[in-house]
Amino acid sequence: MNRVKDLKHLFYFENLLQEANNELVQQAKKEGKLAIGYTCFHMPEVLLNVDNCFSLRMRAPRTGSLEIATYYMSNYTCEYCRALLERAVEGGYNFLDGIAGVDACAQMNRSMENILVQKLIPRDKFFMSHVDVPYKVTEHGVEHQAEQIRTKVFQKLEENYGVDTSDEAIRKAVEEHNEICRIITEMGEYRKEDNPRITGYEFHILNLVTYVCPKYLILEKLRETLEEIKNREPDEKKNYRARVVMAGSEIDDPDFTKLVEEAGALVVADRFCFGSFPGRQEIQLGNEEDALKAVCRRYMEDSQCARYMSHEKIQARRDFVRKLYEDYHADGIIYEQLKFCDYWGYERALVSHIMQEEYQLPVLSVDRPYRAGSSGQMRTRIQAFVERMEIKKIQNQRGGTLHG
């Protein structure tokens with residue numbers, strides 16, 4: 001059975017990922033919806049789906065040359081940030097009605113600043129926010145972020161487009177968000193099986209479309225796909241040699257997951273930006289607190305971003321990945337980062353060492369370009385890591401040990 005292609009809607013979803021301004025985005029725009037782009041988990045996605053808005057996590061599929069963006073940002077900056085600027089120069093985001101930007105990293109700030117200063121999105125009511133995100137999760141910090149979103153995002157939506165940003169509108173958006181989360185979470189649970197009925201590549205596609213398409217236009221197809229997966233019979237023979245958790249910075253390229261799996265490592269959990277951990281867990285709201293503040297608290301507490309440098313957050317990130325390793329019965333962990341990503345460069349170097357030396361877990365540590373799906377060198381490194389995990393399993397069965 002070819003499990004990569006036999007889901008009824010998978011090819012359709014793959015095609016949607018070929019363009020930022022895909023056919024469902026275009027359909028929603030024709031229906032009068034407002035497209036609000038964002039780049040980071042620090043901007044609560046669900047808040048960009050109030051009233052007639054829909055969120056769109058920005059990416060630059062099929063990126064080629066980055067020459068123009070490199071001229072403005074230098075070749076020592078994150079390729080994701082440069083790819084967004086390059087695509088904006090090409091006119092690839094002219095359909096956006098706003099960008100809900102956050103002050104999360106200096107490199108993304110430069111990318112957004114260039115888009116704004118050069119007026120690359122020529123729409124009369126277009127706006128870009130610059131929301132300050134606290135470095136610590138405190139009650140004061142939660143209140144600060146809620147106020148930042150209220151004044152820099154919601155106020156613009158209200159003034160420019162007449163959007164309803166009331167408490168009731170937020171709660172309705174959370175309900176719709178939670179249905180998507182339930183579907184993706186249930187799909188992901190099947191990855192815990194000894195012989196999973198869904199591949200990491202398939203899951204990556206299904207999860208990614210929920211970030212870059214209007215949710216109401218994909219909901220029914222996601223429901224159908226979940227039913228397919230429930231009734232799916234896995235191959236009798238395992239089509240992988242090892243199971244891995246993928247952890248690290250931004251990955252919006254399913255071809256990278258495909259490369260890993262073609263090298264023999266099944267990706268069973270995804271703790272990376274654009275992944276499902278965190279991001280596809282339900283949000284519980286009580287009636288005793290303002291919905292905006294409750295949502296901000298949830299996103300700040302759940303964030304696994306390496307930007308948070310408190311001891312508690314650092315330890316929580318390690319514990320979180322180790323728990324994924326255990327819960328999804330992984331054989332190893334791949335820590336990855338985009339080249340020149342400041343936060344994850346530091347995190348990857350330190351935590352990959354700690355996970356191996358202190359936690360005694362097999363780890364592969366890699367940096368990669370924005371598009372790495374065709375990298376022969378990367379494929380070779382992953383194949384070598386798969387062999388190392390196999391050797392470790394054999395030695396453990398014999399009572400031996402293997403480090404690093």
# chains A, B, ... in the order shown; residues from 1 in each chain; ligands from 1

$ select_by_dssp --residues "segment 229-394 of chain A" --states "alpha helix (DSSP H)" --output "MDAnalysis selection string"
chainID A and resid 229:230 254:262 291:302 311:327 342:357 376:394

$ select_by_dssp --residues "segment 142-298 of chain A" --states "strand (DSSP E or B)" --output "list in words"
Ala242, Arg243, Val244, Val245, Met246, Ala247, Gly248, Ala265, Leu266, Val267, Val268, Ala269, Asp270, Arg271 and Phe272 of chain A

$ write_last_selection --atoms "all heavy atoms" --output "short mmCIF file (atom, residue, chain, number, x, y, z; two decimals), in the first residue's frame"
data_model
loop_
_atom_site.label_atom_id
_atom_site.label_comp_id
_atom_site.auth_asym_id
_atom_site.auth_seq_id
_atom_site.Cartn_x
_atom_site.Cartn_y
_atom_site.Cartn_z
N ALA A 242 13.42 3.32 12.17
CA ALA A 242 13.49 3.95 13.49
C ALA A 242 12.42 5.03 13.57
O ALA A 242 11.93 5.52 12.55
CB ALA A 242 14.88 4.55 13.71
N ARG A 243 12.06 5.40 14.80
CA ARG A 243 11.06 6.44 15.04
C ARG A 243 11.76 7.64 15.68
O ARG A 243 12.57 7.47 16.59
CB ARG A 243 9.98 5.92 15.99
CG ARG A 243 9.26 4.67 15.48
CD ARG A 243 8.57 3.96 16.63
NE ARG A 243 7.47 4.73 17.20
CZ ARG A 243 6.19 4.56 16.90
NH1 ARG A 243 5.84 3.62 16.03
NH2 ARG A 243 5.25 5.28 17.47
N VAL A 244 11.41 8.85 15.21
CA VAL A 244 12.07 10.04 15.74
C VAL A 244 11.07 11.14 16.09
O VAL A 244 10.01 11.25 15.47
CB VAL A 244 13.11 10.63 14.75
CG1 VAL A 244 14.25 9.64 14.51
CG2 VAL A 244 12.46 11.05 13.44
N VAL A 245 11.46 11.93 17.09
CA VAL A 245 10.80 13.19 17.40
C VAL A 245 11.59 14.28 16.69
O VAL A 245 12.82 14.31 16.78
CB VAL A 245 10.78 13.46 18.91
CG1 VAL A 245 10.23 14.86 19.20
CG2 VAL A 245 9.97 12.40 19.64
N MET A 246 10.91 15.17 15.98
CA MET A 246 11.56 16.31 15.33
C MET A 246 11.30 17.54 16.19
O MET A 246 10.16 17.89 16.46
CB MET A 246 11.00 16.53 13.94
CG MET A 246 11.74 17.59 13.15
SD MET A 246 13.17 16.92 12.30
CE MET A 246 12.36 16.08 10.94
N ALA A 247 12.39 18.18 16.63
CA ALA A 247 12.26 19.35 17.50
C ALA A 247 13.13 20.48 16.98
O ALA A 247 14.22 20.25 16.47
CB ALA A 247 12.65 19.00 18.94
N GLY A 248 12.63 21.73 17.12
CA GLY A 248 13.46 22.84 16.72
C GLY A 248 12.69 24.01 16.16
O GLY A 248 11.56 24.30 16.57
N ALA A 265 13.67 7.06 8.85
CA ALA A 265 13.24 7.51 10.17
C ALA A 265 11.81 8.05 10.09
O ALA A 265 11.56 9.08 9.45
CB ALA A 265 14.18 8.59 10.69
N LEU A 266 10.87 7.39 10.73
CA LEU A 266 9.48 7.84 10.76
C LEU A 266 9.34 8.96 11.78
O LEU A 266 9.69 8.80 12.95
CB LEU A 266 8.57 6.67 11.13
CG LEU A 266 7.07 6.97 11.15
CD1 LEU A 266 6.54 7.16 9.73
CD2 LEU A 266 6.30 5.85 11.86
N VAL A 267 8.84 10.11 11.34
CA VAL A 267 8.64 11.24 12.25
C VAL A 267 7.30 11.04 12.98
O VAL A 267 6.24 11.12 12.36
CB VAL A 267 8.64 12.58 11.49
CG1 VAL A 267 8.39 13.74 12.45
CG2 VAL A 267 9.96 12.76 10.76
N VAL A 268 7.36 10.78 14.28
CA VAL A 268 6.15 10.46 15.03
C VAL A 268 5.66 11.63 15.89
O VAL A 268 4.53 11.59 16.40
CB VAL A 268 6.36 9.22 15.93
CG1 VAL A 268 6.50 7.96 15.07
CG2 VAL A 268 7.56 9.39 16.86
N ALA A 269 6.48 12.66 16.08
CA ALA A 269 6.04 13.83 16.84
C ALA A 269 6.80 15.06 16.34
O ALA A 269 7.99 14.97 16.02
CB ALA A 269 6.26 13.64 18.34
N ASP A 270 6.11 16.19 16.30
CA ASP A 270 6.67 17.40 15.69
C ASP A 270 6.61 18.58 16.66
O ASP A 270 5.59 19.25 16.76
CB ASP A 270 5.92 17.75 14.40
CG ASP A 270 4.40 17.71 14.57
OD1 ASP A 270 3.93 17.08 15.52
OD2 ASP A 270 3.70 18.33 13.77
N ARG A 271 7.72 18.81 17.38
CA ARG A 271 7.80 19.96 18.27
C ARG A 271 8.65 21.03 17.59
O ARG A 271 9.80 21.27 17.94
CB ARG A 271 8.42 19.55 19.62
CG ARG A 271 8.07 20.50 20.76
CD ARG A 271 9.03 21.63 21.06
NE ARG A 271 9.54 22.45 20.01
CZ ARG A 271 9.00 23.59 19.56
NH1 ARG A 271 7.85 24.01 19.99
NH2 ARG A 271 9.60 24.29 18.61
N PHE A 272 8.08 21.63 16.55
CA PHE A 272 8.77 22.70 15.87
C PHE A 272 7.76 23.77 15.48
O PHE A 272 6.55 23.54 15.50
CB PHE A 272 9.54 22.20 14.64
CG PHE A 272 8.75 21.36 13.68
CD1 PHE A 272 7.79 21.91 12.85
CD2 PHE A 272 8.98 19.99 13.59
CE1 PHE A 272 7.07 21.15 11.95
CE2 PHE A 272 8.26 19.20 12.69
CZ PHE A 272 7.31 19.78 11.87
#

$ closest_atom_pairs --of "segment 92-156 of chain A" --to "segment 306-318 of chain A" --cutoff "8 Å" --atoms "only C-alpha atoms" --output "CSV"
residue,atom,partner,partner_atom,distance
A:Ala104,CA,A:Arg307,CA,7.5
A:Tyr135,CA,A:Tyr308,CA,5.7
A:Lys136,CA,A:Tyr308,CA,6.7

$ atom_distance --atom1 "atom CA of Ile251 of chain A" --atom2 "atom CA of Val153 of chain A"
25.8 Å

$ closest_residue --among "A:Met112, A:Ile99, A:Leu361, A:Cys341" --to "Cys305 of chain A" --atoms "only C-alpha atoms"
A:Cys341

$ closest_residue --among "A:Leu34, A:Leu324, A:Ala263, A:Asp167" --to "Glu289 of chain A" --atoms "only C-alpha atoms"
A:Asp167

$ closest_residue --among "A:Arg298, A:Arg348, A:Lys119, A:Arg398" --to "His42 of chain A" --atoms "only C-alpha atoms"
A:Arg298

$ closest_residue --among "A:Lys258, A:His130, A:Lys8, A:Arg59" --to "Phe274 of chain A" --atoms "only C-alpha atoms"
A:Arg59

$ closest_atom_pairs --of "segment 131-211 of chain A" --to "segment 45-48 of chain A" --cutoff "12 Å" --atoms "only C-alpha atoms" --output "JSON lines"
{"residue": "A:Ala146", "atom": "CA", "partner": "A:Leu47", "partner_atom": "CA", "distance": 10.7}
{"residue": "A:Ile149", "atom": "CA", "partner": "A:Leu47", "partner_atom": "CA", "distance": 9.0}
{"residue": "A:Arg150", "atom": "CA", "partner": "A:Leu47", "partner_atom": "CA", "distance": 10.2}
{"residue": "A:Val153", "atom": "CA", "partner": "A:Leu48", "partner_atom": "CA", "distance": 8.8}
{"residue": "A:Phe154", "atom": "CA", "partner": "A:Leu47", "partner_atom": "CA", "distance": 8.8}
{"residue": "A:Lys156", "atom": "CA", "partner": "A:Leu48", "partner_atom": "CA", "distance": 12.0}
{"residue": "A:Leu157", "atom": "CA", "partner": "A:Leu48", "partner_atom": "CA", "distance": 9.6}
{"residue": "A:Val163", "atom": "CA", "partner": "A:Leu48", "partner_atom": "CA", "distance": 10.6}
{"residue": "A:Asp164", "atom": "CA", "partner": "A:Leu47", "partner_atom": "CA", "distance": 11.2}
{"residue": "A:Thr165", "atom": "CA", "partner": "A:Leu47", "partner_atom": "CA", "distance": 8.5}
{"residue": "A:Ser166", "atom": "CA", "partner": "A:Leu47", "partner_atom": "CA", "distance": 10.6}
{"residue": "A:Asp167", "atom": "CA", "partner": "A:Leu47", "partner_atom": "CA", "distance": 10.6}
{"residue": "A:Glu168", "atom": "CA", "partner": "A:Leu47", "partner_atom": "CA", "distance": 11.8}
{"residue": "A:Ala169", "atom": "CA", "partner": "A:Leu47", "partner_atom": "CA", "distance": 9.2}
{"residue": "A:Ile170", "atom": "CA", "partner": "A:Leu47", "partner_atom": "CA", "distance": 6.5}
{"residue": "A:Arg171", "atom": "CA", "partner": "A:Leu47", "partner_atom": "CA", "distance": 9.4}
{"residue": "A:Lys172", "atom": "CA", "partner": "A:Val46", "partner_atom": "CA", "distance": 9.8}
{"residue": "A:Ala173", "atom": "CA", "partner": "A:Val46", "partner_atom": "CA", "distance": 6.2}
{"residue": "A:Val174", "atom": "CA", "partner": "A:Val46", "partner_atom": "CA", "distance": 6.2}
{"residue": "A:Glu175", "atom": "CA", "partner": "A:Val46", "partner_atom": "CA", "distance": 9.5}
{"residue": "A:Glu176", "atom": "CA", "partner": "A:Val46", "partner_atom": "CA", "distance": 8.8}
{"residue": "A:His177", "atom": "CA", "partner": "A:Val46", "partner_atom": "CA", "distance": 6.4}
{"residue": "A:Asn178", "atom": "CA", "partner": "A:Val46", "partner_atom": "CA", "distance": 9.3}
{"residue": "A:Glu179", "atom": "CA", "partner": "A:Val46", "partner_atom": "CA", "distance": 11.9}
{"residue": "A:Ile180", "atom": "CA", "partner": "A:Val46", "partner_atom": "CA", "distance": 11.1}
{"residue": "A:Cys181", "atom": "CA", "partner": "A:Val46", "partner_atom": "CA", "distance": 11.1}
{"residue": "A:Thr210", "atom": "CA", "partner": "A:Glu45", "partner_atom": "CA", "distance": 10.9}
{"residue": "A:Tyr211", "atom": "CA", "partner": "A:Glu45", "partner_atom": "CA", "distance": 8.6}

$ atom_distance --atom1 "atom CA of Glu262 of chain A" --atom2 "atom CA of Glu357 of chain A"
28.1 Å

$ residues_around --residues "Met58 of chain A" --least-positions-apart "5" --cutoff "8 Å" --atoms "only C-alpha atoms" --output "ChimeraX atom specification"
/A:20,37-39,84,212

$ write_last_selection --atoms "all heavy atoms" --output "PDB file, in the first residue's frame"
ATOM      1  N   ALA A  20       1.073  30.609  -1.352  1.00  0.00           N
ATOM      2  CA  ALA A  20       0.547  31.292  -0.159  1.00  0.00           C
ATOM      3  C   ALA A  20      -0.879  31.756  -0.437  1.00  0.00           C
ATOM      4  O   ALA A  20      -1.772  31.614   0.401  1.00  0.00           O
ATOM      5  CB  ALA A  20       1.451  32.465   0.214  1.00  0.00           C
ATOM      6  N   GLY A  37      -2.109  37.915   7.976  1.00  0.00           N
ATOM      7  CA  GLY A  37      -0.899  37.101   8.035  1.00  0.00           C
ATOM      8  C   GLY A  37      -0.221  37.212   9.394  1.00  0.00           C
ATOM      9  O   GLY A  37      -0.356  38.223  10.088  1.00  0.00           O
ATOM     10  N   TYR A  38       0.501  36.169   9.761  1.00  0.00           N
ATOM     11  CA  TYR A  38       1.312  36.201  10.984  1.00  0.00           C
ATOM     12  C   TYR A  38       2.454  35.212  10.820  1.00  0.00           C
ATOM     13  O   TYR A  38       2.428  34.361   9.923  1.00  0.00           O
ATOM     14  CB  TYR A  38       0.471  35.888  12.227  1.00  0.00           C
ATOM     15  CG  TYR A  38       0.083  34.439  12.390  1.00  0.00           C
ATOM     16  CD1 TYR A  38       0.624  33.648  13.394  1.00  0.00           C
ATOM     17  CD2 TYR A  38      -0.844  33.833  11.529  1.00  0.00           C
ATOM     18  CE1 TYR A  38       0.272  32.321  13.552  1.00  0.00           C
ATOM     19  CE2 TYR A  38      -1.200  32.515  11.673  1.00  0.00           C
ATOM     20  CZ  TYR A  38      -0.642  31.763  12.694  1.00  0.00           C
ATOM     21  OH  TYR A  38      -0.986  30.439  12.834  1.00  0.00           O
ATOM     22  N   THR A  39       3.465  35.316  11.656  1.00  0.00           N
ATOM     23  CA  THR A  39       4.672  34.513  11.458  1.00  0.00           C
ATOM     24  C   THR A  39       5.080  33.682  12.670  1.00  0.00           C
ATOM     25  O   THR A  39       6.000  32.881  12.561  1.00  0.00           O
ATOM     26  CB  THR A  39       5.871  35.424  11.112  1.00  0.00           C
ATOM     27  OG1 THR A  39       6.123  36.302  12.214  1.00  0.00           O
ATOM     28  CG2 THR A  39       5.601  36.243   9.849  1.00  0.00           C
ATOM     29  N   LEU A  84      10.468  35.460   3.232  1.00  0.00           N
ATOM     30  CA  LEU A  84       9.240  36.246   3.332  1.00  0.00           C
ATOM     31  C   LEU A  84       9.414  37.608   2.667  1.00  0.00           C
ATOM     32  O   LEU A  84       8.522  38.075   1.943  1.00  0.00           O
ATOM     33  CB  LEU A  84       8.834  36.428   4.795  1.00  0.00           C
ATOM     34  CG  LEU A  84       8.456  35.169   5.585  1.00  0.00           C
ATOM     35  CD1 LEU A  84       7.872  35.557   6.936  1.00  0.00           C
ATOM     36  CD2 LEU A  84       7.489  34.286   4.819  1.00  0.00           C
ATOM     37  N   VAL A 212      -2.535  27.496   7.082  1.00  0.00           N
ATOM     38  CA  VAL A 212      -2.412  28.395   5.923  1.00  0.00           C
ATOM     39  C   VAL A 212      -3.670  28.475   5.067  1.00  0.00           C
ATOM     40  O   VAL A 212      -3.644  29.083   4.003  1.00  0.00           O
ATOM     41  CB  VAL A 212      -1.205  27.972   5.043  1.00  0.00           C
ATOM     42  CG1 VAL A 212       0.080  28.004   5.844  1.00  0.00           C
ATOM     43  CG2 VAL A 212      -1.406  26.593   4.425  1.00  0.00           C
TER      44      VAL A 212
END

$ residues_around --residues "segment 193-200 of chain A" --least-positions-apart "5" --cutoff "12 Å" --atoms "only C-alpha atoms" --output "number ranges by chain"
A: 1-7, 10, 184, 186-188, 205-208, 225-226, 228-246, 254-262, 264-270, 275-276, 327-330

$ residues_around --residues "Ala60 of chain A" --least-positions-apart "6" --cutoff "9 Å" --atoms "only C-alpha atoms" --output "ChimeraX atom specification"
/A:18-20,80,83-84,86-87,92,252

$ write_last_selection --atoms "all heavy atoms" --output "short mmCIF file (atom, residue, chain, number, x, y, z; two decimals), in the first residue's frame"
data_model
loop_
_atom_site.label_atom_id
_atom_site.label_comp_id
_atom_site.auth_asym_id
_atom_site.auth_seq_id
_atom_site.Cartn_x
_atom_site.Cartn_y
_atom_site.Cartn_z
N GLN A 18 1.17 24.77 -2.36
CA GLN A 18 2.10 25.24 -3.38
C GLN A 18 2.11 26.76 -3.51
O GLN A 18 3.05 27.32 -4.09
CB GLN A 18 1.75 24.62 -4.74
CG GLN A 18 1.89 23.11 -4.79
CD GLN A 18 3.30 22.66 -4.43
OE1 GLN A 18 4.28 23.12 -5.02
NE2 GLN A 18 3.40 21.77 -3.45
N GLU A 19 1.10 27.43 -2.97
CA GLU A 19 1.01 28.89 -3.06
C GLU A 19 0.53 29.45 -1.74
O GLU A 19 -0.34 28.86 -1.09
CB GLU A 19 0.02 29.31 -4.16
CG GLU A 19 0.38 28.86 -5.57
CD GLU A 19 1.59 29.61 -6.13
OE1 GLU A 19 1.93 30.68 -5.58
OE2 GLU A 19 2.16 29.13 -7.12
N ALA A 20 1.07 30.61 -1.35
CA ALA A 20 0.55 31.29 -0.16
C ALA A 20 -0.88 31.76 -0.44
O ALA A 20 -1.77 31.61 0.40
CB ALA A 20 1.45 32.47 0.21
N TYR A 80 14.28 31.93 6.41
CA TYR A 80 12.82 32.09 6.48
C TYR A 80 12.45 33.56 6.43
O TYR A 80 11.58 33.98 5.66
CB TYR A 80 12.28 31.43 7.75
CG TYR A 80 10.81 31.69 8.01
CD1 TYR A 80 9.84 31.37 7.07
CD2 TYR A 80 10.39 32.24 9.23
CE1 TYR A 80 8.49 31.60 7.32
CE2 TYR A 80 9.05 32.46 9.49
CZ TYR A 80 8.10 32.15 8.54
OH TYR A 80 6.76 32.37 8.79
N ALA A 83 13.17 34.83 3.00
CA ALA A 83 12.23 34.29 2.01
C ALA A 83 10.91 35.07 2.04
O ALA A 83 10.30 35.33 0.99
CB ALA A 83 11.97 32.81 2.27
N LEU A 84 10.47 35.46 3.23
CA LEU A 84 9.24 36.25 3.33
C LEU A 84 9.41 37.61 2.67
O LEU A 84 8.52 38.08 1.94
CB LEU A 84 8.83 36.43 4.80
CG LEU A 84 8.46 35.17 5.58
CD1 LEU A 84 7.87 35.56 6.94
CD2 LEU A 84 7.49 34.29 4.82
N GLU A 86 11.59 38.39 0.30
CA GLU A 86 11.72 38.15 -1.14
C GLU A 86 10.34 37.96 -1.79
O GLU A 86 10.05 38.53 -2.84
CB GLU A 86 12.59 36.92 -1.40
CG GLU A 86 13.01 36.70 -2.84
CD GLU A 86 14.21 37.55 -3.25
OE1 GLU A 86 14.98 37.96 -2.36
OE2 GLU A 86 14.37 37.77 -4.46
N ARG A 87 9.49 37.18 -1.13
CA ARG A 87 8.16 36.94 -1.67
C ARG A 87 7.32 38.22 -1.67
O ARG A 87 6.53 38.46 -2.58
CB ARG A 87 7.47 35.83 -0.86
CG ARG A 87 6.14 35.32 -1.43
CD ARG A 87 6.28 34.81 -2.86
NE ARG A 87 7.33 33.85 -3.04
CZ ARG A 87 7.20 32.53 -2.91
NH1 ARG A 87 6.03 32.03 -2.57
NH2 ARG A 87 8.22 31.72 -3.12
N GLY A 92 3.95 38.65 -3.69
CA GLY A 92 3.27 37.42 -3.29
C GLY A 92 2.35 37.54 -2.10
O GLY A 92 1.60 36.60 -1.80
N ASP A 252 8.17 24.65 7.46
CA ASP A 252 6.91 24.67 6.72
C ASP A 252 7.05 23.92 5.40
O ASP A 252 6.23 24.07 4.51
CB ASP A 252 6.44 26.11 6.48
CG ASP A 252 7.32 26.90 5.52
OD1 ASP A 252 7.52 26.44 4.39
OD2 ASP A 252 7.80 27.99 5.89
#

$ closest_residue --among "A:Ile36, A:Cys273, A:Leu96, A:Cys78" --to "Phe54 of chain A" --atoms "only C-alpha atoms"
A:Ile36

$ residues_around --residues "Tyr71 of chain A" --least-positions-apart "5" --cutoff "12 Å" --atoms "only C-alpha atoms" --output "VMD selection string"
chain A and resid 65 to 66 76 to 77 82 85 to 86 111 114

$ closest_residue --among "A:Gln145, A:Ser55, A:Ser352, A:Thr185" --to "Arg280 of chain A" --atoms "only C-alpha atoms"
A:Thr185

$ residues_around --residues "Phe41 of chain A" --least-positions-apart "6" --cutoff "8 Å" --atoms "only C-alpha atoms" --output "tab-separated table (two decimals) with N, CA, C and O atoms, in the first residue's frame"
chain	number	residue	atom	x	y	z
A	273	CYS	N	8.24	24.97	15.13
A	273	CYS	CA	7.35	26.03	14.68
A	273	CYS	C	6.60	25.55	13.44
A	273	CYS	O	7.21	24.98	12.54
A	279	GLY	N	0.29	24.09	19.59
A	279	GLY	CA	-0.44	24.76	18.51
A	279	GLY	C	-1.74	24.09	18.15
A	279	GLY	O	-2.68	24.74	17.68
A	299	TYR	N	-1.29	30.93	25.48
A	299	TYR	CA	-0.22	30.87	24.49
A	299	TYR	C	1.15	31.11	25.14
A	299	TYR	O	2.14	30.46	24.76
A	303	SER	N	3.97	28.11	25.14
A	303	SER	CA	5.05	28.33	24.18
A	303	SER	C	6.30	27.52	24.53
A	303	SER	O	6.72	27.47	25.68

$ decode --residues "segment 131-189 of chain A" --atoms "C-alpha atoms" --output "compact mmCIF listing (two decimals), in the first residue's frame"
# COMPACT_ATOMS: atom_id res chain seq x y z
CA VAL A 131 3.38 43.59 19.37
CA ASP A 132 5.87 43.51 22.23
CA VAL A 133 6.11 40.02 23.76
CA PRO A 134 7.38 39.65 27.35
CA TYR A 135 10.37 37.41 28.02
CA LYS A 136 8.82 35.98 31.19
CA VAL A 137 5.45 34.43 31.89
CA THR A 138 4.06 36.53 34.72
CA GLU A 139 0.65 37.96 35.47
CA HIS A 140 1.94 41.39 34.54
CA GLY A 141 3.33 39.98 31.27
CA VAL A 142 -0.03 38.41 30.37
CA GLU A 143 -1.81 41.69 30.99
CA HIS A 144 0.83 43.51 28.93
CA GLN A 145 0.45 41.22 25.92
CA ALA A 146 -3.34 41.39 26.07
CA GLU A 147 -3.15 45.19 26.07
CA GLN A 148 -0.64 45.14 23.19
CA ILE A 149 -2.96 43.00 21.07
CA ARG A 150 -5.96 45.11 22.00
CA THR A 151 -4.30 48.39 20.96
CA LYS A 152 -2.06 47.26 18.07
CA VAL A 153 -4.13 44.54 16.38
CA PHE A 154 -7.77 44.67 17.49
CA GLN A 155 -7.97 48.46 17.33
CA LYS A 156 -6.65 48.40 13.74
CA LEU A 157 -9.13 45.68 12.76
CA GLU A 158 -11.96 47.69 14.27
CA GLU A 159 -10.95 51.06 12.80
CA ASN A 160 -9.88 49.87 9.34
CA TYR A 161 -12.42 47.13 8.69
CA GLY A 162 -15.16 47.30 11.36
CA VAL A 163 -14.27 43.88 12.77
CA ASP A 164 -16.07 42.63 15.88
CA THR A 165 -13.35 41.88 18.47
CA SER A 166 -15.69 41.47 21.44
CA ASP A 167 -15.36 38.82 24.13
CA GLU A 168 -18.19 36.92 22.46
CA ALA A 169 -16.39 37.02 19.08
CA ILE A 170 -13.20 35.67 20.67
CA ARG A 171 -15.07 32.81 22.34
CA LYS A 172 -16.71 31.87 19.04
CA ALA A 173 -13.28 31.82 17.33
CA VAL A 174 -11.94 29.59 20.12
CA GLU A 175 -14.79 27.10 19.59
CA GLU A 176 -13.99 26.86 15.87
CA HIS A 177 -10.26 26.60 16.61
CA ASN A 178 -10.87 23.78 19.08
CA GLU A 179 -12.68 21.64 16.53
CA ILE A 180 -9.67 21.79 14.23
CA CYS A 181 -7.43 20.96 17.19
CA ARG A 182 -9.51 17.93 18.14
CA ILE A 183 -9.27 16.53 14.61
CA ILE A 184 -5.51 17.05 14.30
CA THR A 185 -4.89 15.68 17.81
CA GLU A 186 -6.90 12.55 17.10
CA MET A 187 -4.99 12.02 13.86
CA GLY A 188 -1.74 12.46 15.77
CA GLU A 189 -2.68 9.84 18.37
